[in-house]
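Visitor: One structure is given below, represented as structure tokens, and several questions about it will come after.
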Amino acid sequence: MSAQVVLPRFMHIGRHACEKLPELVKTLDCSKPLIVTDKMMVQLGYVQQVCDILNSDGLKADIYDDTVPEPTDSSIEAGVEKVKNGNYDIIIALGGGSPIDSAKAIAVLGKFGGNIREYKFPRQVNEHGLPLIAVPTTAGTGSECTRFTIITDEATSEKLLCVGLGFMPTAAVIDYELTVSVPQRTTADTGIDALTHAIEAYVSKKANPYSDAQALAAMRLIGGNLRKVYHNGSDLAAREAMMLGSTLAGIAFSNASVALVHGMSRPIGAFFHVPHGLSNAMLLPAVTAYSVPAAPERYAECARTAGFASHDDDTATANRKLLEGLVALNRELNVPTLAQFGVEKAEFDKVVETMAEQALASGSPGNNPRVPEKEEIIAIYRQLW
């Protein structure tokens, strides 16, 4: 059976890739860019850096910097209105997964209108909004090369998964130098997020030979460098490897799918405002332990490729080392439990059934090697304490 592969039309990868922005804007026959970003990117000077690069070639950009972590329907409204009223012909998304996800929604809603719930999966959004150039500043989400965006409906605390060709960036500019200033906590969370993307793409029921190749390459890069960048953020070689690994992992899951970890992760973020990568990290050991019996050979290959196990280890040994290694990785990277993060047990108990229902409704658990019932999801959630 054939597999559809969807990628950005252009990708510039490597040091100083940002300098290609003017060329990309003009290649796409555009001249009035809007930079969608957040206040931290302004404070760190990255927005000014991008503006200077554009200005050097006669392009003047306006800025929308009100995106928020874990974007919501209300947080993107002002950006949508700015696009509708501003006569922009291209959007440049600068930042981590949240600004890029926000920009994807703004690019589509700014052109076609409506509210984000109308674009929720299972609808396939194949209408193209404004051209979008994604410039990631973290090595984690892979959003620069995926056909997904996730926006929280504030009224229901539900993370809406939106899918389709319309959410695939037109171009991606992947410059690892933009990640050097990323704090240690964010480096850890986004790195485990990327590792989760690669593992889930590889064990997914929708995996294919193309996504497998990207996922395995991503696991090699991330497995060998995540600890290095966590302990030494100035290690440029490790930063470069993590950036490429993150992008390859994004390509892998965008062309296969994510699975149970992501299905369960979204409600944690929506209800308790846990950053997406961190909630993935909390879940990865428990979900992997639950899922291994349904795909032991695949998980064993993940263990060997990411460096948790030796290439000489048999399947059972590799999987044991994988489970032990994921727990040890969380410990080394100081991943908290839900209780340590500050979630109140009474609040958790009150919404855990709704979380399980939302996880199932997202569709992602159906791609898992072992597809859970609602009660099994609740049981895994309770392990996070």
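Residue numbering restarts at 1 for every chain of the structure tokens, chains are lettered A, B, ... in their displayed order, and ligands are numbered from 1 as they appear.
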Which residues, written as number ranges by chain, have at least one atom at most 10 Å from Leu278 of chain A, with only C-alpha atoms counted and residues fewer than 6 positions away on the same chain left out?
Guide: A: 185-186, 188-193, 265, 268-269, 284, 330, 335-337, 341
Visitor: Set the distance at 6 Å and use only C-alpha atoms: which residues neighbour segment 245-262 of chain A once local chain neighbours fewer than 6 positions away are removed? I'd like the list as a list in words.
Guide: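 So, after excluding close chain neighbours, the residues are Val5, Ala139, Gly140, Gly142, Cys145, Thr146, Ala194, His197, Ala198, Glu200, Ala201, Lys206, Ala207, Ser211, Gln214, Ala215, Ala218, Leu221, Ile222, Ser364, Pro365, Asn367 and Asn368 of chain A.
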Visitor: Have a look at atom CA of Leu323 of chain A and atom CA of His276 of chain A and let me know their distance in Å, one decimal.
Guide: 21.1 Å
Visitor: Could you state the separation of atom CA of Leu132 of chain A and atom CA of Ile90 of chain A in Å, given to one decimal place?
Guide: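 So the two atoms, atom CA of Leu132 of chain A and atom CA of Ile90 of chain A, lie 6.0 Å apart.
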Visitor: Using only C-alpha atoms for the distances, tell me which of A:Val371, A:Ala217, A:Val47, A:Ala241 is nearest to Cys302 of chain A.
Guide: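 The closest residue to Cys302 of chain A is A:Ala217.
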Visitor: Using only C-alpha atoms, which protein or nucleic acid residues come within 10 Å of Met168 of chain A? Drop anything in the same chain fewer than 3 positions from it, and give the result as a VMD selection string.
Guide: chain A and resid 6 to 9 104 126 128 to 129 131 to 134 143 to 149 163 to 165 171 to 172 254
Visitor: Save out the residues we just selected, N, CA, C and O atoms, as a compact mmCIF listing (two decimals), in the first residue's frame.
Guide:
# COMPACT_ATOMS: atom_id res chain seq x y z
N VAL A 6 3.84 14.39 2.88
CA VAL A 6 3.62 15.83 2.76
C VAL A 6 4.73 16.57 3.50
O VAL A 6 5.02 16.28 4.66
N LEU A 7 5.37 17.53 2.81
CA LEU A 7 6.48 18.29 3.37
C LEU A 7 6.31 19.77 3.03
O LEU A 7 5.57 20.11 2.10
N PRO A 8 7.00 20.66 3.75
CA PRO A 8 7.05 22.04 3.30
C PRO A 8 7.63 22.11 1.88
O PRO A 8 8.45 21.28 1.49
N ARG A 9 7.23 23.15 1.14
CA ARG A 9 7.72 23.29 -0.23
C ARG A 9 9.22 23.60 -0.25
O ARG A 9 9.96 23.16 -1.13
N LYS A 104 -0.15 28.97 12.39
CA LYS A 104 -0.87 28.10 11.46
C LYS A 104 -2.37 28.41 11.49
O LYS A 104 -3.02 28.53 10.44
N ASN A 126 -7.77 21.15 4.02
CA ASN A 126 -6.83 21.16 2.91
C ASN A 126 -6.79 22.51 2.18
O ASN A 126 -6.02 22.68 1.23
N HIS A 128 -5.63 26.18 1.66
CA HIS A 128 -4.39 26.85 2.04
C HIS A 128 -4.68 28.29 2.45
O HIS A 128 -5.27 29.05 1.69
N GLY A 129 -4.24 28.63 3.65
CA GLY A 129 -4.35 30.00 4.11
C GLY A 129 -3.22 30.84 3.52
O GLY A 129 -2.69 30.53 2.44
N PRO A 131 0.51 32.05 2.85
CA PRO A 131 1.78 31.32 2.91
C PRO A 131 2.43 31.52 4.28
O PRO A 131 2.35 32.61 4.86
N LEU A 132 3.05 30.48 4.78
CA LEU A 132 3.62 30.51 6.13
C LEU A 132 5.06 30.00 6.10
O LEU A 132 5.32 28.90 5.60
N ILE A 133 5.97 30.80 6.61
CA ILE A 133 7.36 30.36 6.82
C ILE A 133 7.54 30.13 8.31
O ILE A 133 7.35 31.04 9.11
N ALA A 134 7.89 28.92 8.70
CA ALA A 134 8.07 28.58 10.11
C ALA A 134 9.55 28.60 10.46
O ALA A 134 10.36 27.95 9.80
N SER A 143 6.93 21.34 14.67
CA SER A 143 5.75 21.95 14.06
C SER A 143 6.05 22.62 12.73
O SER A 143 5.15 22.83 11.92
N GLU A 144 7.33 22.93 12.49
CA GLU A 144 7.71 23.58 11.23
C GLU A 144 7.50 22.68 10.01
O GLU A 144 7.52 23.15 8.88
N CYS A 145 7.28 21.39 10.23
CA CYS A 145 7.11 20.48 9.09
C CYS A 145 5.98 19.48 9.33
O CYS A 145 6.03 18.36 8.86
N THR A 146 4.95 19.91 10.08
CA THR A 146 3.80 19.04 10.31
C THR A 146 2.53 19.68 9.80
O THR A 146 2.42 20.90 9.71
N ARG A 147 1.56 18.82 9.51
CA ARG A 147 0.25 19.30 9.02
C ARG A 147 -0.78 19.32 10.14
O ARG A 147 -1.95 19.00 9.93
N PHE A 148 -0.34 19.68 11.33
CA PHE A 148 -1.22 19.74 12.49
C PHE A 148 -1.07 21.07 13.21
O PHE A 148 0.00 21.71 13.16
N THR A 149 -2.10 21.47 13.90
CA THR A 149 -1.99 22.50 14.93
C THR A 149 -2.93 22.12 16.06
O THR A 149 -3.91 21.41 15.84
N VAL A 163 -6.14 19.22 11.59
CA VAL A 163 -5.29 18.42 10.70
C VAL A 163 -5.56 18.79 9.25
O VAL A 163 -6.71 19.03 8.87
N GLY A 164 -4.53 18.80 8.44
CA GLY A 164 -4.73 18.94 7.00
C GLY A 164 -3.60 19.67 6.31
O GLY A 164 -2.73 20.28 6.95
N LEU A 165 -3.61 19.60 5.00
CA LEU A 165 -2.56 20.24 4.20
C LEU A 165 -2.51 21.74 4.44
O LEU A 165 -1.45 22.37 4.30
N ALA A 171 7.13 26.91 4.00
CA ALA A 171 8.59 26.82 4.09
C ALA A 171 9.02 26.69 5.54
O ALA A 171 8.30 27.14 6.45
N ALA A 172 10.17 26.09 5.76
CA ALA A 172 10.73 25.96 7.10
C ALA A 172 12.18 26.42 7.06
O ALA A 172 12.94 26.03 6.16
N SER A 254 4.26 13.49 11.20
CA SER A 254 3.32 14.15 10.30
C SER A 254 2.91 13.23 9.16
O SER A 254 1.79 13.34 8.63
Visitor: Could you pull out the strand (DSSP E or B) residues of segment 83-293 of chain A from DSSP and send them as a list in words?
Guide: Ile90, Ile91, Ile92, Ala93, Leu94, Gly95, Lys120, Gln124, Leu132, Ile133, Ala134, Val135, Pro136, Phe148, Thr149, Ile150, Ile151, Thr152, Asp153, Glu158, Lys159, Leu160, Leu161, Cys162, Val163, Ala171, Ala172, Val173 and Ile174 of chain A
Visitor: Produce a file of the selected residues containing C-alpha atoms, as a PDB file, in the first residue's frame.
Guide:
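Contents of the output file result.pdb:
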ATOM      1  CA  ILE A  90       2.769  36.083   4.090  1.00  0.00           C
ATOM      2  CA  ILE A  91       3.277  35.081   7.726  1.00  0.00           C
ATOM      3  CA  ILE A  92       6.617  34.308   9.367  1.00  0.00           C
ATOM      4  CA  ALA A  93       6.198  32.222  12.542  1.00  0.00           C
ATOM      5  CA  LEU A  94       9.098  32.664  14.957  1.00  0.00           C
ATOM      6  CA  GLY A  95       9.411  30.709  18.197  1.00  0.00           C
ATOM      7  CA  LYS A 120     -11.304  20.349  14.460  1.00  0.00           C
ATOM      8  CA  GLN A 124      -9.382  17.573   6.921  1.00  0.00           C
ATOM      9  CA  LEU A 132       3.623  30.512   6.133  1.00  0.00           C
ATOM     10  CA  ILE A 133       7.355  30.364   6.816  1.00  0.00           C
ATOM     11  CA  ALA A 134       8.071  28.585  10.113  1.00  0.00           C
ATOM     12  CA  VAL A 135      11.263  29.453  11.998  1.00  0.00           C
ATOM     13  CA  PRO A 136      11.577  27.212  15.087  1.00  0.00           C
ATOM     14  CA  PHE A 148      -1.217  19.738  12.494  1.00  0.00           C
ATOM     15  CA  THR A 149      -1.988  22.496  14.931  1.00  0.00           C
ATOM     16  CA  ILE A 150      -3.416  22.247  18.443  1.00  0.00           C
ATOM     17  CA  ILE A 151      -5.502  25.049  19.935  1.00  0.00           C
ATOM     18  CA  THR A 152      -7.333  24.874  23.273  1.00  0.00           C
ATOM     19  CA  ASP A 153     -11.050  25.695  23.423  1.00  0.00           C
ATOM     20  CA  GLU A 158     -10.384  20.780  25.294  1.00  0.00           C
ATOM     21  CA  LYS A 159      -7.287  20.779  23.115  1.00  0.00           C
ATOM     22  CA  LEU A 160      -8.551  20.806  19.543  1.00  0.00           C
ATOM     23  CA  LEU A 161      -6.458  18.795  17.105  1.00  0.00           C
ATOM     24  CA  CYS A 162      -6.661  20.370  13.652  1.00  0.00           C
ATOM     25  CA  VAL A 163      -5.287  18.425  10.699  1.00  0.00           C
ATOM     26  CA  ALA A 171       8.591  26.817   4.085  1.00  0.00           C
ATOM     27  CA  ALA A 172      10.732  25.963   7.104  1.00  0.00           C
ATOM     28  CA  VAL A 173      13.918  27.740   8.164  1.00  0.00           C
ATOM     29  CA  ILE A 174      15.784  25.553  10.650  1.00  0.00           C
TER      30      ILE A 174
END
Visitor: Let me make sure I understand: among A:Leu24, A:Val274, A:Met264, A:Val108, which one has the smallest atom-to-atom distance to Glu357 of chain A if we use only C-alpha atoms?
Guide: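 The shortest atom-to-atom distance to Glu357 of chain A comes from A:Met264.
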Visitor: So how far away is atom CA of Cys30 of chain A from atom CA of Phe10 of chain A, in Å?
Guide: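 So the answer is 14.8 Å.
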Visitor: If DSSP is run on the backbone, what residues of segment 9-174 of chain A are alpha helix (DSSP H)? A reply as a PyMOL selection string would be ideal.
Guide: chain A and resi 21-27+39-43+46-55+77-86+97-112
Visitor: Name the closest residue to Asn280 of chain A among the candidates A:Leu384, A:Cys51, A:Met242, A:Val352; distances are taken between atoms, counting only C-alpha atoms.
Guide: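 That would be A:Leu384, the residue with the smallest distance to Asn280 of chain A.
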Visitor: Would you pick out the contacts of Lys82 of chain A at 10 Å or less, using only C-alpha atoms, so that residues sharing its chain but fewer than 2 positions from it are not included, and give the list as number ranges by chain?
Guide: A: 34, 63-64, 76-80, 84-88, 106, 110
Visitor: Those residues with C-alpha atoms, as a PDB file, in the first residue's frame please?
Guide:
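For reference, out14.pdb as written:
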ATOM      1  CA  LEU A  34       3.651  39.613   9.415  1.00  0.00           C
ATOM      2  CA  ILE A  63       4.879  42.093  14.366  1.00  0.00           C
ATOM      3  CA  TYR A  64       2.172  40.258  16.287  1.00  0.00           C
ATOM      4  CA  ILE A  76      -5.318  33.812  18.414  1.00  0.00           C
ATOM      5  CA  GLU A  77      -8.332  36.081  17.864  1.00  0.00           C
ATOM      6  CA  ALA A  78      -6.338  39.328  17.794  1.00  0.00           C
ATOM      7  CA  GLY A  79      -3.869  37.775  15.347  1.00  0.00           C
ATOM      8  CA  VAL A  80      -6.699  36.682  13.076  1.00  0.00           C
ATOM      9  CA  LYS A  84      -7.923  40.347   8.130  1.00  0.00           C
ATOM     10  CA  ASN A  85      -7.297  44.075   8.430  1.00  0.00           C
ATOM     11  CA  GLY A  86      -3.616  44.290   7.518  1.00  0.00           C
ATOM     12  CA  ASN A  87      -3.355  43.261   3.870  1.00  0.00           C
ATOM     13  CA  TYR A  88      -0.440  40.909   4.689  1.00  0.00           C
ATOM     14  CA  ILE A 106      -4.025  32.553  12.183  1.00  0.00           C
ATOM     15  CA  GLY A 110      -7.297  34.988   8.757  1.00  0.00           C
TER      16      GLY A 110
END
Visitor: Could you list, as a PyMOL selection string, every residue within 9 Å of Thr179 of chain A, counting only C-alpha atoms and ignoring same-chain residues fewer than 3 positions away?
Guide: chain A and resi 136-139+175-176+182+187+233+239-240+243
Visitor: So that I have them on file, write out the residues from the current selection with C-alpha atoms, as a short mmCIF file (atom, residue, chain, number, x, y, z; two decimals), in the first residue's frame.
Guide:
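Saved result, selection-v2.cif, follows:
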data_model
loop_
_atom_site.label_atom_id
_atom_site.label_comp_id
_atom_site.auth_asym_id
_atom_site.auth_seq_id
_atom_site.Cartn_x
_atom_site.Cartn_y
_atom_site.Cartn_z
CA PRO A 136 11.58 27.21 15.09
CA THR A 137 13.64 28.31 18.08
CA THR A 138 13.36 25.06 20.05
CA ALA A 139 14.41 21.53 19.16
CA ASP A 175 18.72 27.37 12.20
CA TYR A 176 20.12 25.63 15.28
CA VAL A 182 16.86 27.93 25.31
CA THR A 187 15.56 22.03 26.40
CA GLY A 233 23.44 24.19 26.38
CA ARG A 239 22.35 21.58 19.53
CA GLU A 240 22.66 21.07 15.77
CA MET A 243 17.52 20.51 15.86
#
Visitor: Need the shell around Gln49 of chain A: protein/DNA/RNA residues with any atom at most 12 Å away, counting only C-alpha atoms. Skip same-chain ones fewer than 3 positions apart. Format as a PDB file with N, CA and C atoms, in the first residue's frame?
Guide:
ATOM      1  N   HIS A  16      22.983  29.815  10.080  1.00  0.00           N
ATOM      2  CA  HIS A  16      22.696  31.008   9.283  1.00  0.00           C
ATOM      3  C   HIS A  16      21.560  30.795   8.283  1.00  0.00           C
ATOM      4  N   CYS A  18      18.603  31.475   8.669  1.00  0.00           N
ATOM      5  CA  CYS A  18      17.709  32.644   8.742  1.00  0.00           C
ATOM      6  C   CYS A  18      18.011  33.674   7.662  1.00  0.00           C
ATOM      7  N   GLU A  19      19.234  33.705   7.191  1.00  0.00           N
ATOM      8  CA  GLU A  19      19.602  34.681   6.174  1.00  0.00           C
ATOM      9  C   GLU A  19      18.899  34.428   4.842  1.00  0.00           C
ATOM     10  N   LEU A  21      15.677  34.124   4.593  1.00  0.00           N
ATOM     11  CA  LEU A  21      14.289  34.581   4.688  1.00  0.00           C
ATOM     12  C   LEU A  21      13.882  35.543   3.569  1.00  0.00           C
ATOM     13  N   ILE A  35       5.179  38.978  11.203  1.00  0.00           N
ATOM     14  CA  ILE A  35       5.871  38.037  12.081  1.00  0.00           C
ATOM     15  C   ILE A  35       4.948  37.703  13.248  1.00  0.00           C
ATOM     16  N   MET A  41      10.515  36.078  22.456  1.00  0.00           N
ATOM     17  CA  MET A  41      11.337  36.217  21.250  1.00  0.00           C
ATOM     18  C   MET A  41      11.727  37.679  21.022  1.00  0.00           C
ATOM     19  N   VAL A  42      10.840  38.591  21.422  1.00  0.00           N
ATOM     20  CA  VAL A  42      11.171  40.017  21.326  1.00  0.00           C
ATOM     21  C   VAL A  42      12.280  40.355  22.320  1.00  0.00           C
ATOM     22  N   GLN A  43      12.108  39.876  23.576  1.00  0.00           N
ATOM     23  CA  GLN A  43      13.084  40.181  24.622  1.00  0.00           C
ATOM     24  C   GLN A  43      14.461  39.622  24.303  1.00  0.00           C
ATOM     25  N   LEU A  44      14.504  38.443  23.705  1.00  0.00           N
ATOM     26  CA  LEU A  44      15.784  37.807  23.393  1.00  0.00           C
ATOM     27  C   LEU A  44      16.466  38.413  22.166  1.00  0.00           C
ATOM     28  N   GLY A  45      15.756  39.261  21.466  1.00  0.00           N
ATOM     29  CA  GLY A  45      16.345  39.914  20.310  1.00  0.00           C
ATOM     30  C   GLY A  45      16.182  39.177  18.997  1.00  0.00           C
ATOM     31  N   TYR A  46      15.524  38.028  19.002  1.00  0.00           N
ATOM     32  CA  TYR A  46      15.387  37.247  17.776  1.00  0.00           C
ATOM     33  C   TYR A  46      14.460  37.935  16.778  1.00  0.00           C
ATOM     34  N   ASP A  52      15.873  42.750  10.936  1.00  0.00           N
ATOM     35  CA  ASP A  52      17.077  43.297  10.307  1.00  0.00           C
ATOM     36  C   ASP A  52      17.429  42.550   9.028  1.00  0.00           C
ATOM     37  N   ILE A  53      17.294  41.229   9.050  1.00  0.00           N
ATOM     38  CA  ILE A  53      17.582  40.420   7.864  1.00  0.00           C
ATOM     39  C   ILE A  53      16.621  40.789   6.731  1.00  0.00           C
ATOM     40  N   LEU A  54      15.339  40.937   7.072  1.00  0.00           N
ATOM     41  CA  LEU A  54      14.351  41.315   6.065  1.00  0.00           C
ATOM     42  C   LEU A  54      14.605  42.734   5.552  1.00  0.00           C
ATOM     43  N   ASN A  55      14.896  43.648   6.486  1.00  0.00           N
ATOM     44  CA  ASN A  55      15.141  45.048   6.101  1.00  0.00           C
ATOM     45  C   ASN A  55      16.326  45.191   5.155  1.00  0.00           C
ATOM     46  N   SER A  56      17.330  44.314   5.341  1.00  0.00           N
ATOM     47  CA  SER A  56      18.530  44.394   4.499  1.00  0.00           C
ATOM     48  C   SER A  56      18.225  44.149   3.034  1.00  0.00           C
ATOM     49  N   ALA A  61       8.631  44.201   7.964  1.00  0.00           N
ATOM     50  CA  ALA A  61       7.661  43.304   8.586  1.00  0.00           C
ATOM     51  C   ALA A  61       6.950  43.999   9.741  1.00  0.00           C
ATOM     52  N   LEU A  94       7.799  32.723  14.292  1.00  0.00           N
ATOM     53  CA  LEU A  94       9.098  32.664  14.957  1.00  0.00           C
ATOM     54  C   LEU A  94       8.910  32.263  16.410  1.00  0.00           C
ATOM     55  N   LEU A 178      19.507  29.418  16.828  1.00  0.00           N
ATOM     56  CA  LEU A 178      18.398  30.039  17.547  1.00  0.00           C
ATOM     57  C   LEU A 178      18.036  29.273  18.823  1.00  0.00           C
TER      58      LEU A 178
END
Visitor: Which of these, A:Leu244, A:Leu109, A:Val180, A:Ile199, has the shortest distance to Gly166 of chain A once you count only C-alpha atoms?
Guide: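 Of A:Leu244, A:Leu109, A:Val180, A:Ile199, the one nearest Gly166 of chain A is A:Leu109, counting only C-alpha atoms.
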Visitor: When distances are computed from only C-alpha atoms, which of A:Gly277, A:Gly224, A:Gly113, A:Pro285 shows the smallest separation from Gly97 of chain A?
Guide: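 Going through A:Gly277, A:Gly224, A:Gly113, A:Pro285 one by one, the smallest distance to Gly97 of chain A is for A:Gly277.
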Visitor: Just want the 7 Å neighbourhood of segment 286-300 of chain A, counted on only C-alpha atoms, with same-chain residues fewer than 2 positions away dropped. Output as a ChimeraX atom specification.
Guide: /A:203,261,283-284,302-304,315,318-319,323,369-370,380
Visitor: Can you write just those residues out, C-alpha atoms, as a PDB file, in the first residue's frame?
Guide:
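In the end it all went to out_10.pdb:
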ATOM      1  CA  VAL A 203       5.260   2.152  16.495  1.00  0.00           C
ATOM      2  CA  VAL A 261       1.119   9.478  24.588  1.00  0.00           C
ATOM      3  CA  LEU A 283       3.494   9.883  30.195  1.00  0.00           C
ATOM      4  CA  LEU A 284       6.153   8.254  28.019  1.00  0.00           C
ATOM      5  CA  CYS A 302      13.601   2.028  19.246  1.00  0.00           C
ATOM      6  CA  ALA A 303      15.644   0.993  22.287  1.00  0.00           C
ATOM      7  CA  ARG A 304      18.645  -0.016  20.193  1.00  0.00           C
ATOM      8  CA  THR A 315      13.960  -8.190  22.037  1.00  0.00           C
ATOM      9  CA  ALA A 318      16.096  -4.330  24.725  1.00  0.00           C
ATOM     10  CA  ASN A 319      12.555  -3.599  25.874  1.00  0.00           C
ATOM     11  CA  LEU A 323      11.587   1.004  30.062  1.00  0.00           C
ATOM     12  CA  PRO A 369      -0.061  -0.611  18.879  1.00  0.00           C
ATOM     13  CA  ARG A 370      -2.300  -1.492  21.836  1.00  0.00           C
ATOM     14  CA  ILE A 380      -2.361   5.121  33.230  1.00  0.00           C
TER      15      ILE A 380
END
Visitor: Which of these residues is nearest to Gly325 of chain A, using only C-alpha atoms: A:Gly223, A:Gly58, A:Met1, A:Leu338?
Guide: A:Gly223
